[in-house]
Amino acid sequence: MSTATPSPIDPQNIQGDILSGLPKKTETYIFFQISDDVSAFRSQLTHLVPLVTSTAQVLKDRDAIANHKQSKKPGLVEISGLNIAFSQSGLTKMGLTDDVQDAGFKAGMLADAQALGDAGTTANSKFDPNWVPAFKNPVHGVIFLSGDCHATVSKRVRQVEQIFKVGAHDATIHEVLRIVGDVRPDKESGHEHFGFLDGISNPSVQGFDSAPPPGAPAQVQPGVILLGRDGDSVPVGSRPSWTLDGSFLAFRYLFQLVPEFNEFLEKNPVQLPGLTPKEGSEFLGARLVGRWKSGAPLDLAPLKDDPALGADSQRNNSFNYTADSTDFTSQTRCPFAAHVRKTNPRNDLKQAFGADVAKNRIIRRGVQFGPELTELEKKEKKTQNGRGLLFVSYQSTLANGFQFLQKSWANQETFLGRAGVTKPGLDPIIGQSNTDPTLREMVGSDPDHPTNQLKFPQEWVVPRGGEYFFSPSIPALRDTIAEAVHIAA
Ligand code: HEM
């Protein structure tokens with residue numbers, strides 16, 4: 001272990017999904033267990049390491065995509081990416097028992113399911129979440145492969161299968177679950193399944209990203225995301241040296257009940273003078289999320305959608321909930337419970353308590369899965385096909401990042417409470433309570449009657465599994481995790 005401040009960030013060393021995001025139209029997640037022949041697995045991993053996409057490669061790929069778009073050539077550039085991450089049980093299986101100093105990671109997500117608020121049953125004081133079976137058994141790791149189309153990704157998947165001899169009697173990985181995610185088609189591209197533009201607000205990282213546009217949240221220290229760098233909550237030099245430039249990856253398999261969500265909006269339009277019922281329903285959707293479907297934030301466009309603002313990356317994140325600077329107890333522009341305000345309260349806590357939320361920022365990746373709504377689903381207002389979000393977030397400390405956002409902010413009715421509004425309510429999108437899901441409610445959905453309660457008859461986002469992984473740096477993968485010595489022998 002070294003106590004020296006590490007050298008500047010080298011994009012060659014960091015897996016590409018973390019700081020830059022693997023470019024993708026589609027992404028396949030392969031969750032696996034490592035066979036008992038651990039040394040064969042570790043030696044085969046040496047063949048995978050050269051295929052792992054670095055941040056430097058992603059930057060080149062993004063340039064190639066930009067050039068292609070500019071040249072107005074048809075089709076998409078053929079691009080693929082591959083990243084890998086391990087759970088604590090995977091590291092332990094490989095004999096890497098150093099303490100990475102993250103309690104949530106060490107315990108795993110299954111042990112956290114009840115505290116996260118996931119639904120389930122309890123028998124003999126053991127909580128059993130309503131998850132798919134794959135996540136109720138140890139998952140040692142995940143390999144995820146991205147690309148411009150299914151054919152490109154399939155080629156990469158075959159390479160991975162060959163490396164680990166998948167299908168053969170001496171295969172070194174056993175696939176426990178494969179999930180394919182796809183960016184939604186045409187004008188819904190970039191929008192999650194409820195219809196809202198996603199992936200707008202991620203923290204800008206010092207030493208890697210250029211400065212954010214004026215008015216947007218300030219940059220965060222690199223250690224908020226990367227282990228072993230300034231801003232890591234564990235002092236620099238205290239974690240095993242091979243964890244430098246890695247990041248904890250929280251994966252959540254989140255199903256979305258879209259027709260049911262839409263029906264709720266339809267039945268509960270915000271009633272303001274001049275709004276048609278349809279406009280009132282759209283407005284309610286925006287009040288629940290904190291942004292309009294176009295991506296325009298309520299803090300800047302409180303009454304009417306502004307698609308040009310939503311599409312403008314120089315302006316669509318330039319707000320800090322300070323527009324009501326005369327009265328920061330006001331939720332006239334944006335409810336305190338709105339999803340984006342709950343998960344990143346920006347200046348709210350600073351104004352109320354002098355607290356800074358920089359340490360609680362996460363980088364979100366992930367992709368949609370499942371088909372578009374069918375006519376039958378629209379007509380019967382009932383989900384027939386599984387669809388949702390393959391949620392991925394990166395952070396250097398799970399207890400400050402994903403776990404904190406879900407448990408201490410989204411699930412807490414009192415969070416952001418203050419004089420006048422002591423209980424803003426749960427995050428309507430992801431806030432959950434496994435004691436009684438039908439007791440979810442919020443205030444502030446109607447700007448003219450900000451203390452009126454709005455009750456939610458059900459949850460519209462249903463977690464069906466997940467795991468906490470560690471996404472190591474490429475040098476750590478090459479020099480510590482993969483065992484080159486076996487190849488040489
Ligand atoms: C299916 C589930 C989810 C849906 C539909 C959803 C949807 C959205 C949308 C539409 C946005 C606005 C776009 C943007 O600001 O980038 C957003 C932002 C965000 N979401 Fe979610 N989300 C989901 C799950 C989660 C979870 C599980 C977390 C963490 C516990 C989370 C944390 C965040 C954060 C941190 C932001 C950015 C807030 C900001 O910086 O203003 N989301 N989400």
# chains A, B, ... in the order shown; residues from 1 in each chain; ligands from 1
$ closest_atom_pairs --of "region 201-319 of chain A" --to "region 161-181 of chain A" --cutoff "12 Å" --atoms "only C-alpha atoms" --output "JSON lines"
{"residue": "A:Arg252", "atom": "CA", "partner": "A:Ile179", "partner_atom": "CA", "distance": 11.9}
{"residue": "A:Tyr253", "atom": "CA", "partner": "A:Ile179", "partner_atom": "CA", "distance": 9.4}
{"residue": "A:Leu254", "atom": "CA", "partner": "A:Gly181", "partner_atom": "CA", "distance": 11.8}
$ residues_near_ligand --ligand "ligand 1" --cutoff "6 Å" --atoms "only C-alpha atoms and all ligand atoms" --output "count of residues only"
20
$ residues_around --residues "Pro133 (chain A)" --least-positions-apart "5" --cutoff "12 Å" --atoms "only C-alpha atoms" --output "list in words"
Leu110, Asp128, Pro138, Val139, Val176, Leu177, Arg464, Gly465 and Gly466 of chain A
$ residues_around --residues "region 270-285 of chain A" --least-positions-apart "5" --cutoff "9 Å" --atoms "only C-alpha atoms" --output "PDB file with C-alpha atoms, in the first residue's frame"
ATOM      1  CA  ASN A 262     -49.701   5.854 -17.527  1.00  0.00           C
ATOM      2  CA  PHE A 264     -52.313   6.686 -12.871  1.00  0.00           C
ATOM      3  CA  LEU A 265     -51.259   9.876 -14.697  1.00  0.00           C
ATOM      4  CA  GLY A 290     -38.714  16.633 -11.865  1.00  0.00           C
ATOM      5  CA  ARG A 291     -38.178  16.869 -15.611  1.00  0.00           C
ATOM      6  CA  TRP A 292     -40.535  16.880 -18.595  1.00  0.00           C
ATOM      7  CA  LYS A 293     -40.377  13.944 -20.996  1.00  0.00           C
ATOM      8  CA  LEU A 303     -45.190  25.266 -16.131  1.00  0.00           C
ATOM      9  CA  LYS A 304     -44.702  24.186 -19.705  1.00  0.00           C
ATOM     10  CA  ASP A 305     -42.412  21.746 -21.477  1.00  0.00           C
ATOM     11  CA  SER A 445     -47.537  17.318  -6.940  1.00  0.00           C
ATOM     12  CA  ASP A 446     -49.990  20.208  -7.393  1.00  0.00           C
ATOM     13  CA  PRO A 447     -48.174  23.570  -7.342  1.00  0.00           C
ATOM     14  CA  ASP A 448     -51.374  25.442  -6.438  1.00  0.00           C
TER      15      ASP A 448
END
$ closest_residue --among "A:Ser89, A:Pro222, A:Pro424, A:Pro214" --to "Val236 (chain A)" --atoms "only C-alpha atoms"
A:Pro222
$ closest_residue --among "A:Ala399, A:Ile363, A:Leu82, A:Met94" --to "Phe41 (chain A)" --atoms "only C-alpha atoms"
A:Met94
$ closest_residue --among "A:Asp436, A:Asp299, A:Asp427, A:Asp102" --to "His339 (chain A)" --atoms "only C-alpha atoms"
A:Asp427
$ select_by_dssp --residues "region 318-487 of chain A" --states "strand (DSSP E or B)" --output "JSON list (two decimals) with N, CA, C and O atoms, in the first residue's frame"
[["chain", "number", "residue", "atom", "x", "y", "z"],
["A", 363, "ILE", "N", -22.31, 7.98, -10.90],
["A", 363, "ILE", "CA", -22.39, 8.03, -12.36],
["A", 363, "ILE", "C", -23.33, 6.90, -12.78],
["A", 363, "ILE", "O", -23.15, 5.75, -12.37],
["A", 364, "ARG", "N", -24.36, 7.26, -13.56],
["A", 364, "ARG", "CA", -25.33, 6.25, -13.99],
["A", 364, "ARG", "C", -25.08, 5.84, -15.43],
["A", 364, "ARG", "O", -24.86, 6.69, -16.29],
["A", 367, "VAL", "N", -29.20, 0.61, -19.32],
["A", 367, "VAL", "CA", -29.91, 0.59, -20.60],
["A", 367, "VAL", "C", -31.29, -0.02, -20.38],
["A", 367, "VAL", "O", -31.51, -0.71, -19.39],
["A", 368, "GLN", "N", -32.18, 0.25, -21.33],
["A", 368, "GLN", "CA", -33.53, -0.30, -21.23],
["A", 368, "GLN", "C", -33.55, -1.77, -21.66],
["A", 368, "GLN", "O", -32.71, -2.18, -22.45],
["A", 369, "PHE", "N", -34.52, -2.52, -21.15],
["A", 369, "PHE", "CA", -34.73, -3.87, -21.68],
["A", 369, "PHE", "C", -36.23, -4.06, -21.91],
["A", 369, "PHE", "O", -37.05, -3.37, -21.30],
["A", 388, "GLY", "N", -38.07, -2.71, -18.63],
["A", 388, "GLY", "CA", -37.59, -1.83, -17.56],
["A", 388, "GLY", "C", -36.20, -1.32, -17.82],
["A", 388, "GLY", "O", -35.79, -1.11, -18.98],
["A", 389, "LEU", "N", -35.48, -1.17, -16.72],
["A", 389, "LEU", "CA", -34.16, -0.54, -16.77],
["A", 389, "LEU", "C", -33.12, -1.48, -16.15],
["A", 389, "LEU", "O", -33.32, -1.98, -15.05],
["A", 390, "LEU", "N", -32.03, -1.71, -16.89],
["A", 390, "LEU", "CA", -30.87, -2.40, -16.32],
["A", 390, "LEU", "C", -30.04, -1.28, -15.71],
["A", 390, "LEU", "O", -29.27, -0.62, -16.41],
["A", 391, "PHE", "N", -30.28, -1.01, -14.44],
["A", 391, "PHE", "CA", -29.67, 0.15, -13.77],
["A", 391, "PHE", "C", -28.24, -0.18, -13.37],
["A", 391, "PHE", "O", -27.97, -1.23, -12.78],
["A", 392, "VAL", "N", -27.32, 0.71, -13.70],
["A", 392, "VAL", "CA", -25.92, 0.56, -13.31],
["A", 392, "VAL", "C", -25.46, 1.90, -12.75],
["A", 392, "VAL", "O", -25.67, 2.94, -13.39],
["A", 393, "SER", "N", -24.89, 1.88, -11.54],
["A", 393, "SER", "CA", -24.26, 3.12, -11.08],
["A", 393, "SER", "C", -22.86, 2.84, -10.58],
["A", 393, "SER", "O", -22.57, 1.73, -10.12],
["A", 394, "TYR", "N", -21.99, 3.84, -10.71],
["A", 394, "TYR", "CA", -20.60, 3.74, -10.25],
["A", 394, "TYR", "C", -20.38, 4.74, -9.12],
["A", 394, "TYR", "O", -20.85, 5.88, -9.21],
["A", 395, "GLN", "N", -19.66, 4.31, -8.10],
["A", 395, "GLN", "CA", -19.33, 5.14, -6.97],
["A", 395, "GLN", "C", -18.18, 4.47, -6.22],
["A", 395, "GLN", "O", -17.99, 3.27, -6.33],
["A", 418, "ARG", "N", -38.74, 20.26, 5.85],
["A", 418, "ARG", "CA", -38.33, 21.52, 6.47],
["A", 418, "ARG", "C", -39.59, 22.25, 6.89],
["A", 418, "ARG", "O", -40.70, 21.77, 6.60],
["A", 421, "VAL", "N", -43.15, 21.95, 5.23],
["A", 421, "VAL", "CA", -43.32, 20.65, 4.57],
["A", 421, "VAL", "C", -42.43, 19.65, 5.31],
["A", 421, "VAL", "O", -41.27, 19.45, 4.96],
["A", 425, "GLY", "N", -42.57, 13.16, 1.37],
["A", 425, "GLY", "CA", -43.04, 11.87, 0.84],
["A", 425, "GLY", "C", -41.93, 11.10, 0.15],
["A", 425, "GLY", "O", -40.77, 11.52, 0.10],
["A", 441, "GLU", "N", -46.83, 7.87, -0.59],
["A", 441, "GLU", "CA", -47.51, 9.12, -0.96],
["A", 441, "GLU", "C", -46.50, 10.26, -0.98],
["A", 441, "GLU", "O", -45.37, 10.12, -0.50],
["A", 442, "MET", "N", -46.90, 11.35, -1.58],
["A", 442, "MET", "CA", -46.05, 12.55, -1.60],
["A", 442, "MET", "C", -46.93, 13.78, -1.47],
["A", 442, "MET", "O", -48.15, 13.71, -1.65],
["A", 443, "VAL", "N", -46.31, 14.92, -1.15],
["A", 443, "VAL", "CA", -47.00, 16.20, -1.27],
["A", 443, "VAL", "C", -46.24, 17.03, -2.31],
["A", 443, "VAL", "O", -45.09, 16.72, -2.63],
["A", 453, "GLN", "N", -51.95, 15.86, -0.36],
["A", 453, "GLN", "CA", -51.25, 14.57, -0.49],
["A", 453, "GLN", "C", -51.70, 13.85, -1.75],
["A", 453, "GLN", "O", -52.87, 13.92, -2.13],
["A", 454, "LEU", "N", -50.76, 13.17, -2.36],
["A", 454, "LEU", "CA", -51.10, 12.33, -3.51],
["A", 454, "LEU", "C", -50.70, 10.91, -3.13],
["A", 454, "LEU", "O", -49.53, 10.65, -2.83],
["A", 455, "LYS", "N", -51.69, 10.00, -3.11],
["A", 455, "LYS", "CA", -51.39, 8.62, -2.73],
["A", 455, "LYS", "C", -51.13, 7.79, -3.97],
["A", 455, "LYS", "O", -51.82, 7.95, -4.98],
["A", 461, "VAL", "N", -42.04, 0.69, -10.23],
["A", 461, "VAL", "CA", -40.71, 0.15, -10.51],
["A", 461, "VAL", "C", -40.51, -1.02, -9.54],
["A", 461, "VAL", "O", -40.61, -0.84, -8.33],
["A", 462, "VAL", "N", -40.29, -2.20, -10.11],
["A", 462, "VAL", "CA", -40.23, -3.41, -9.29],
["A", 462, "VAL", "C", -38.86, -4.07, -9.42],
["A", 462, "VAL", "O", -38.52, -4.58, -10.48],
["A", 463, "PRO", "N", -38.05, -4.03, -8.35],
["A", 463, "PRO", "CA", -36.72, -4.66, -8.43],
["A", 463, "PRO", "C", -36.83, -6.18, -8.41],
["A", 463, "PRO", "O", -37.54, -6.74, -7.59],
["A", 464, "ARG", "N", -36.14, -6.84, -9.33],
["A", 464, "ARG", "CA", -36.18, -8.31, -9.38],
["A", 464, "ARG", "C", -34.77, -8.89, -9.23],
["A", 464, "ARG", "O", -34.52, -10.01, -9.64],
["A", 465, "GLY", "N", -33.86, -8.12, -8.67],
["A", 465, "GLY", "CA", -32.53, -8.67, -8.42],
["A", 465, "GLY", "C", -31.45, -7.63, -8.60],
["A", 465, "GLY", "O", -31.72, -6.46, -8.89],
["A", 466, "GLY", "N", -30.23, -8.07, -8.42],
["A", 466, "GLY", "CA", -29.09, -7.18, -8.58],
["A", 466, "GLY", "C", -27.92, -7.66, -7.75],
["A", 466, "GLY", "O", -28.01, -8.68, -7.04],
["A", 467, "GLU", "N", -26.82, -6.96, -7.87],
["A", 467, "GLU", "CA", -25.62, -7.32, -7.09],
["A", 467, "GLU", "C", -24.70, -6.11, -7.05],
["A", 467, "GLU", "O", -24.78, -5.23, -7.91],
["A", 468, "TYR", "N", -23.85, -6.08, -6.03],
["A", 468, "TYR", "CA", -22.80, -5.08, -5.97],
["A", 468, "TYR", "C", -21.52, -5.72, -6.52],
["A", 468, "TYR", "O", -21.12, -6.80, -6.07],
["A", 469, "PHE", "N", -20.94, -5.05, -7.51],
["A", 469, "PHE", "CA", -19.72, -5.55, -8.15],
["A", 469, "PHE", "C", -18.61, -4.53, -7.96],
["A", 469, "PHE", "O", -18.85, -3.36, -7.62],
["A", 470, "PHE", "N", -17.38, -4.98, -8.25],
["A", 470, "PHE", "CA", -16.23, -4.07, -8.29],
["A", 470, "PHE", "C", -15.66, -4.12, -9.69],
["A", 470, "PHE", "O", -15.37, -5.21, -10.21],
["A", 471, "SER", "N", -15.53, -2.96, -10.30],
["A", 471, "SER", "CA", -15.01, -2.88, -11.65],
["A", 471, "SER", "C", -13.54, -2.46, -11.56],
["A", 471, "SER", "O", -13.24, -1.28, -11.35]]
$ atom_distance --atom1 "CA of Ala216 (chain A)" --atom2 "CA of Lys342 (chain A)"
16.8 Å
$ atom_distance --atom1 "CA of Glu27 (chain A)" --atom2 "CA of Thr53 (chain A)"
13.7 Å
$ closest_residue --among "A:Val160, A:Leu116, A:Ala103, A:Val289" --to "Leu45 (chain A)" --atoms "only C-alpha atoms"
A:Val160
$ atom_distance --atom1 "CA of Ser433 (chain A)" --atom2 "CA of Ala113 (chain A)"
11.3 Å
